[in-house]
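Dropping run15.cif in here (mmCIF, C-alpha atoms):
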data_work
loop_
_atom_site.label_atom_id
_atom_site.label_comp_id
_atom_site.auth_asym_id
_atom_site.auth_seq_id
_atom_site.Cartn_x
_atom_site.Cartn_y
_atom_site.Cartn_z
CA MET A 1 -9.48 -13.53 28.54
CA ALA A 2 -10.43 -16.12 25.92
CA GLU A 3 -12.79 -13.65 24.28
CA ALA A 4 -10.11 -10.96 24.23
CA LYS A 5 -7.66 -13.39 22.59
CA GLU A 6 -10.23 -14.29 19.94
CA ASP A 7 -10.82 -10.60 19.24
CA GLN A 8 -7.14 -9.96 18.52
CA ILE A 9 -6.33 -9.82 14.83
CA LYS A 10 -4.08 -12.50 13.38
CA PHE A 11 -2.40 -10.88 10.40
CA TYR A 12 -0.93 -13.15 7.72
CA SER A 13 1.49 -11.29 5.48
CA ASN A 14 4.99 -10.80 4.15
CA LYS A 15 6.84 -7.49 4.50
CA ILE A 16 7.94 -7.51 0.86
CA CYS A 17 4.35 -7.37 -0.42
CA PRO A 18 2.83 -3.92 -1.10
CA PHE A 19 -0.69 -5.32 -0.85
CA GLY A 20 0.05 -6.84 2.53
CA MET A 21 1.41 -3.47 3.57
CA ARG A 22 -1.99 -1.90 3.02
CA ALA A 23 -3.48 -3.96 5.83
CA TRP A 24 -0.36 -3.49 7.97
CA LEU A 25 -0.55 0.28 7.63
CA THR A 26 -4.20 0.22 8.67
CA LEU A 27 -3.38 -1.82 11.77
CA GLU A 28 -0.57 0.51 12.80
CA VAL A 29 -2.26 3.82 11.96
CA LYS A 30 -5.31 2.81 13.99
CA LYS A 31 -3.22 1.15 16.73
CA ILE A 32 -5.15 -2.11 16.48
CA PRO A 33 -3.54 -4.99 18.43
CA TYR A 34 -2.45 -7.82 16.15
CA GLU A 35 -0.16 -10.80 15.74
CA PHE A 36 2.01 -10.76 12.61
CA ILE A 37 2.28 -14.21 11.01
CA HIS A 38 4.98 -14.38 8.34
CA CYS A 39 3.99 -16.13 5.12
CA ASP A 40 6.53 -17.36 2.60
CA LEU A 41 5.27 -16.29 -0.82
CA LYS A 42 7.45 -18.79 -2.72
CA ASP A 43 7.42 -21.90 -0.55
CA LYS A 44 3.94 -21.44 0.86
CA GLN A 45 3.48 -23.04 4.25
CA ASP A 46 0.52 -25.36 4.84
CA PHE A 47 -0.96 -23.01 7.45
CA PHE A 48 -0.79 -20.16 4.92
CA LYS A 49 -2.51 -22.15 2.18
CA GLU A 50 -5.15 -23.39 4.61
CA ALA A 51 -5.88 -19.88 5.91
CA TYR A 52 -6.16 -18.51 2.37
CA ALA A 53 -8.48 -21.31 1.25
CA LYS A 54 -10.81 -20.44 4.13
CA ALA A 55 -10.70 -16.69 3.53
CA LEU A 56 -13.59 -14.65 2.26
CA GLY A 57 -12.37 -13.20 -1.03
CA HIS A 58 -9.86 -15.92 -1.88
CA ALA A 59 -9.16 -16.74 -5.51
CA GLU A 60 -9.94 -20.35 -6.30
CA ASP A 61 -7.01 -20.62 -8.72
CA ASN A 62 -4.38 -19.35 -6.25
CA ALA A 63 -2.78 -21.33 -3.44
CA GLY A 64 -2.19 -18.29 -1.25
CA LYS A 65 -1.95 -14.48 -1.33
CA VAL A 66 -1.49 -11.87 1.36
CA PRO A 67 -2.86 -10.12 3.27
CA ILE A 68 -5.21 -12.35 5.22
CA ILE A 69 -6.68 -11.52 8.60
CA LEU A 70 -8.32 -13.85 11.10
CA HIS A 71 -10.83 -12.14 13.38
CA LYS A 72 -13.39 -13.84 15.59
CA GLY A 73 -12.88 -17.13 13.80
CA LYS A 74 -13.34 -15.74 10.29
CA TYR A 75 -10.70 -15.24 7.60
CA ILE A 76 -10.78 -12.31 5.15
CA ALA A 77 -8.52 -11.62 2.14
CA GLU A 78 -8.04 -8.77 -0.38
CA SER A 79 -6.05 -5.75 0.76
CA SER A 80 -8.49 -2.87 0.34
CA ILE A 81 -11.36 -4.96 1.73
CA VAL A 82 -9.27 -5.87 4.77
CA ALA A 83 -8.46 -2.18 5.32
CA ARG A 84 -12.13 -1.24 5.12
CA TYR A 85 -13.10 -4.09 7.44
CA LEU A 86 -10.57 -3.06 10.07
CA ASP A 87 -11.67 0.56 9.86
CA TYR A 88 -15.35 -0.41 10.23
CA VAL A 89 -14.88 -2.84 13.12
CA PHE A 90 -12.40 -0.71 15.05
CA SER A 91 -14.40 2.48 14.72
CA ASP A 92 -14.10 3.93 18.23
CA GLU A 93 -12.24 7.14 17.38
CA ASP A 94 -11.29 7.80 21.00
CA LYS A 95 -9.41 4.50 21.01
CA TYR A 96 -8.42 3.96 17.38
CA GLY A 97 -8.30 7.46 15.93
CA PRO A 98 -10.07 8.95 12.91
CA SER A 99 -11.60 6.72 10.27
CA ILE A 100 -9.62 6.28 7.07
CA LEU A 101 -12.97 6.93 5.36
CA PRO A 102 -13.99 10.35 6.70
CA LYS A 103 -17.44 11.13 8.07
CA ASP A 104 -17.79 14.15 5.81
CA ALA A 105 -19.73 12.82 2.82
CA PHE A 106 -17.90 14.90 0.19
CA GLN A 107 -14.47 14.01 1.57
CA ARG A 108 -15.42 10.34 1.74
CA ALA A 109 -16.56 10.42 -1.89
CA ALA A 110 -13.30 12.14 -2.85
CA VAL A 111 -11.22 9.48 -1.10
CA GLU A 112 -13.13 6.67 -2.80
CA ILE A 113 -12.62 8.37 -6.16
CA MET A 114 -8.87 8.65 -5.52
CA VAL A 115 -8.68 4.97 -4.57
CA ALA A 116 -10.58 3.98 -7.71
CA TRP A 117 -8.45 6.27 -9.89
CA PHE A 118 -5.21 4.83 -8.54
CA GLY A 119 -6.41 1.30 -9.23
CA ASP A 120 -7.66 2.10 -12.73
CA SER A 121 -4.89 4.46 -13.84
CA GLY A 122 -2.42 1.78 -14.84
CA TRP A 123 0.00 2.93 -12.12
CA LEU A 124 0.97 -0.59 -11.12
CA LYS A 125 1.29 -1.67 -14.75
CA PHE A 126 3.76 1.16 -15.37
CA HIS A 127 5.70 0.40 -12.18
CA TYR A 128 6.17 -3.31 -12.83
CA GLY A 129 6.29 -2.96 -16.61
CA ILE A 130 9.27 -0.61 -16.44
CA LEU A 131 10.97 -2.76 -13.81
CA MET A 132 10.62 -5.88 -15.96
CA ASN A 133 11.68 -4.34 -19.29
CA ALA A 134 15.41 -3.79 -19.84
CA ASN A 135 14.96 -2.22 -23.28
CA PRO A 136 15.98 1.46 -22.92
CA ASP A 137 13.68 2.68 -25.70
CA ASP A 138 10.65 0.92 -24.21
CA GLN A 139 11.55 2.26 -20.77
CA ALA A 140 11.87 5.83 -22.04
CA LYS A 141 8.45 5.67 -23.71
CA SER A 142 6.84 4.19 -20.61
CA VAL A 143 8.39 6.88 -18.43
CA VAL A 144 6.86 9.61 -20.61
CA ASP A 145 3.43 8.00 -20.37
CA TRP A 146 3.75 7.29 -16.64
CA LYS A 147 4.70 10.89 -15.90
CA LYS A 148 1.34 11.93 -17.34
CA LYS A 149 -0.24 9.94 -14.51
CA TRP A 150 2.11 11.62 -12.04
CA LYS A 151 0.90 14.99 -13.34
CA THR A 152 -2.71 13.95 -12.83
CA LEU A 153 -1.95 12.76 -9.30
CA ASN A 154 -0.07 15.97 -8.55
CA ASP A 155 -3.13 17.98 -9.59
CA ARG A 156 -5.66 15.78 -7.80
CA LEU A 157 -3.77 15.91 -4.51
CA GLY A 158 -4.52 19.65 -4.37
CA GLU A 159 -8.28 19.16 -3.98
CA PHE A 160 -8.31 20.08 -0.26
CA CYS A 161 -4.88 21.47 0.56
CA ASP A 162 -1.58 22.38 -1.08
CA LYS A 163 0.70 20.24 1.10
CA GLY A 164 0.68 17.12 3.24
CA THR A 165 -1.83 14.30 2.90
CA TYR A 166 -4.81 14.38 0.55
CA LEU A 167 -7.24 15.36 3.33
CA PRO A 168 -6.68 18.39 5.58
CA ASN A 169 -4.68 18.27 8.82
CA ASN A 170 -2.48 15.40 7.56
CA GLN A 171 -5.33 12.96 8.11
CA VAL A 172 -4.54 9.54 6.67
CA SER A 173 -7.20 8.14 4.36
CA LEU A 174 -7.78 4.90 2.52
CA PHE A 175 -6.07 6.49 -0.48
CA GLU A 176 -2.78 6.81 1.41
CA ILE A 177 -3.17 3.24 2.66
CA CYS A 178 -3.63 1.94 -0.88
CA ALA A 179 -1.06 4.07 -2.72
CA PHE A 180 1.88 4.57 -0.35
CA PRO A 181 3.29 1.00 -0.50
CA PHE A 182 4.07 1.47 -4.19
CA PHE A 183 5.83 4.78 -3.53
CA GLU A 184 8.05 3.16 -0.92
CA ARG A 185 8.99 0.58 -3.55
CA LEU A 186 10.06 3.17 -6.11
CA CYS A 187 13.57 2.57 -4.77
CA THR A 188 13.58 -0.63 -6.82
CA LEU A 189 13.13 1.41 -10.02
CA GLU A 190 15.83 3.83 -8.94
CA HIS A 191 18.23 0.95 -8.39
CA TYR A 192 17.50 -1.32 -11.35
CA CYS A 193 16.34 1.23 -13.94
CA LYS A 194 18.50 4.18 -12.87
CA LEU A 195 15.53 6.54 -12.62
CA GLU A 196 15.96 9.55 -10.33
CA ILE A 197 12.46 9.39 -8.89
CA TYR A 198 12.94 10.52 -5.28
CA SER A 199 14.97 13.51 -6.40
CA LYS A 200 14.19 14.85 -9.89
CA TRP A 201 10.71 13.36 -10.31
CA MET A 202 9.60 14.51 -6.87
CA ASP A 203 10.90 18.02 -7.60
CA GLU A 204 8.96 17.97 -10.85
CA PHE A 205 5.77 17.07 -8.98
CA PRO A 206 5.96 19.02 -5.70
CA ARG A 207 2.48 18.16 -4.46
CA VAL A 208 3.31 14.46 -4.72
CA LYS A 209 6.60 15.12 -2.94
CA SER A 210 4.86 16.91 -0.05
CA TRP A 211 2.32 14.08 0.21
CA TYR A 212 5.02 11.41 0.30
CA GLU A 213 7.18 13.25 2.81
CA ALA A 214 4.22 13.79 5.13
CA LEU A 215 3.59 10.05 5.21
CA LEU A 216 7.22 9.27 5.95
CA GLU A 217 6.76 11.30 9.15
CA ASN A 218 3.54 9.55 10.21
CA GLU A 219 4.18 7.38 13.27
CA GLY A 220 2.03 4.50 12.05
CA PHE A 221 3.70 4.50 8.64
CA LYS A 222 7.16 4.63 10.19
CA LYS A 223 6.52 1.29 11.89
CA CYS A 224 5.88 -0.37 8.53
CA LEU A 225 8.83 0.99 6.56
CA SER A 226 11.46 -1.39 5.23
CA LYS A 227 15.10 -0.76 4.45
CA GLN A 228 15.68 -0.03 0.79
CA GLU A 229 18.21 -2.87 0.58
CA PHE A 230 15.49 -5.33 1.66
CA LEU A 231 13.09 -4.12 -1.02
CA ILE A 232 15.74 -4.02 -3.75
CA ASP A 233 16.81 -7.57 -2.99
CA GLY A 234 13.20 -8.73 -2.74
CA TYR A 235 12.37 -7.32 -6.17
CA LYS A 236 15.44 -8.78 -7.85
CA GLY A 237 13.34 -11.56 -9.37
CA TYR A 238 11.20 -9.06 -11.27
CA ARG A 239 14.27 -7.50 -12.88
CA GLU A 240 15.74 -10.89 -13.74
CA LYS A 241 12.66 -11.51 -15.89
CA ALA A 242 13.53 -8.49 -18.05
#
Would you mind giving the structure from this file in structure tokens?
Amino acid sequence: MAEAKEDQIKFYSNKICPFGMRAWLTLEVKKIPYEFIHCDLKDKQDFFKEAYAKALGHAEDNAGKVPIILHKGKYIAESSIVARYLDYVFSDEDKYGPSILPKDAFQRAAVEIMVAWFGDSGWLKFHYGILMNANPDDQAKSVVDWKKKWKTLNDRLGEFCDKGTYLPNNQVSLFEICAFPFFERLCTLEHYCKLEIYSKWMDEFPRVKSWYEALLENEGFKKCLSKQEFLIDGYKGYREKA
């Protein structure tokens, strides 16, 4: 029993954090047993700071970031690394389902390219930049530039199929794990910036819309969704900086 307890993942996170959600989605999609340990991102608890300081991948100039996992006595940080670690360790597909990095070499390369593109595209910079800038002219310009990235994503999502997730058969990949949390948080831009993203933008980019809607119906993703009111309130501080 002691060994089984040690094997269980301790998951340090906060539901408001999109990076923490990446690890959370991986745990739920793969049905990996875990204990959720809430971390306050403003008034960081001692246990949180201690866990982060011990974690592989921690930043020396930061007192604590999520996600962190503790597995077999070792702490690991950094969201995409945690997702990869969980997928590698819990690889029994009969028990934990398909890998988020597919066995097919071409599909795996395609997923890794999508993950890299999303990280390098400036997507997060647009998201938070628009949220934190109350100047209507600046916002309008940023929206035009951001929609170019939406167009690229809309086109790239059609590599294997014309609806659903990026890979065939609605298989969840590391790309969905990394990107979806920021799509769930688009409600903050709708609320504070009055952008009609879930309606008009999604209609403008139907492949993105189909991708997003497929994930909303995924059972693992459903368990990680937050109420829009929670996200809007949690992101209030970003808007107050505008």
Fewer than 2 positions away in the same chain doesn't count, so skip those; otherwise give me all residues within 10 Å of stretch 134-136 of chain A, counting all atoms listed in the file, as a PyMOL selection string. chain A and resi 129-132+138-142+192-193+239-242
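Picked out by the PyMOL selection byres ((chain A and resi 44) around 12) when it runs on this file: A:Tyr12, A:Ser13, A:Asn14, A:His38, A:Cys39, A:Asp40, A:Leu41, A:Lys42, A:Asp43, A:Gln45, A:Asp46, A:Phe47, A:Phe48, A:Lys49, A:Glu50, A:Ala51, A:Tyr52, A:Asn62, A:Ala63, A:Gly64, A:Lys65, A:Val66.
One finds atom CA of A:Cys17 at 20.1 Å from atom CA of A:Glu219.
The interatomic distance for the pair atom CA of A:Leu25 and atom CA of A:Tyr212 works out to 14.4 Å.
Considering all atoms listed in the file, the residue among A:Lys163, A:Arg156, A:Lys30, A:Lys74 positioned nearest to A:Met114 is A:Arg156.
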Using the chain letters and numbers from the file, give me the residues hit by the PyMOL selection byres ((chain A and resi 83) around 12), as a VMD selection string. chain A and resid 11 19 to 30 32 67 to 69 76 to 82 84 to 90 99 to 101 173 to 178
Starting from the shown file, work through the PyMOL selection byres ((chain A and resi 201) around 12) and note down what comes out as a PDB file with C-alpha atoms, keeping the file's coordinate frame.
ATOM      1  CA  VAL A 143       8.390   6.880 -18.430  1.00  0.00           C
ATOM      2  CA  VAL A 144       6.860   9.610 -20.610  1.00  0.00           C
ATOM      3  CA  TRP A 146       3.750   7.290 -16.640  1.00  0.00           C
ATOM      4  CA  LYS A 147       4.700  10.890 -15.900  1.00  0.00           C
ATOM      5  CA  LYS A 148       1.340  11.930 -17.340  1.00  0.00           C
ATOM      6  CA  TRP A 150       2.110  11.620 -12.040  1.00  0.00           C
ATOM      7  CA  LYS A 151       0.900  14.990 -13.340  1.00  0.00           C
ATOM      8  CA  ASN A 154      -0.070  15.970  -8.550  1.00  0.00           C
ATOM      9  CA  PHE A 183       5.830   4.780  -3.530  1.00  0.00           C
ATOM     10  CA  LEU A 186      10.060   3.170  -6.110  1.00  0.00           C
ATOM     11  CA  GLU A 190      15.830   3.830  -8.940  1.00  0.00           C
ATOM     12  CA  LEU A 195      15.530   6.540 -12.620  1.00  0.00           C
ATOM     13  CA  GLU A 196      15.960   9.550 -10.330  1.00  0.00           C
ATOM     14  CA  ILE A 197      12.460   9.390  -8.890  1.00  0.00           C
ATOM     15  CA  TYR A 198      12.940  10.520  -5.280  1.00  0.00           C
ATOM     16  CA  SER A 199      14.970  13.510  -6.400  1.00  0.00           C
ATOM     17  CA  LYS A 200      14.190  14.850  -9.890  1.00  0.00           C
ATOM     18  CA  MET A 202       9.600  14.510  -6.870  1.00  0.00           C
ATOM     19  CA  ASP A 203      10.900  18.020  -7.600  1.00  0.00           C
ATOM     20  CA  GLU A 204       8.960  17.970 -10.850  1.00  0.00           C
ATOM     21  CA  PHE A 205       5.770  17.070  -8.980  1.00  0.00           C
ATOM     22  CA  PRO A 206       5.960  19.020  -5.700  1.00  0.00           C
ATOM     23  CA  ARG A 207       2.480  18.160  -4.460  1.00  0.00           C
ATOM     24  CA  VAL A 208       3.310  14.460  -4.720  1.00  0.00           C
ATOM     25  CA  LYS A 209       6.600  15.120  -2.940  1.00  0.00           C
TER      26      LYS A 209
END
Smallest atom-to-atom distance to A:Ala53: which of A:Gly164, A:Phe126, A:Lys95, A:Tyr75, using all atoms listed in the file? A:Tyr75
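Of the listed residues (A:Pro18, A:Gly220, A:Pro168, A:Gly234), A:Pro168 comes nearest to A:Pro102; the distances count all atoms listed in the file.
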Separation of atom CA of A:Val115 from atom CA of A:His127 in Å: 16.9 Å
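Comparing the minimum interatomic distances between A:Tyr128 and each of A:Asn218, A:Phe160, A:Asn169, A:Arg185, counting all atoms listed in the file, we find that A:Arg185 sits nearest.
Distance annotation: of A:Asp137, A:Gly119, A:Thr188, A:Lys103, the residue with the minimal separation from A:Ser91 is A:Lys103; atom set is all atoms listed in the file.
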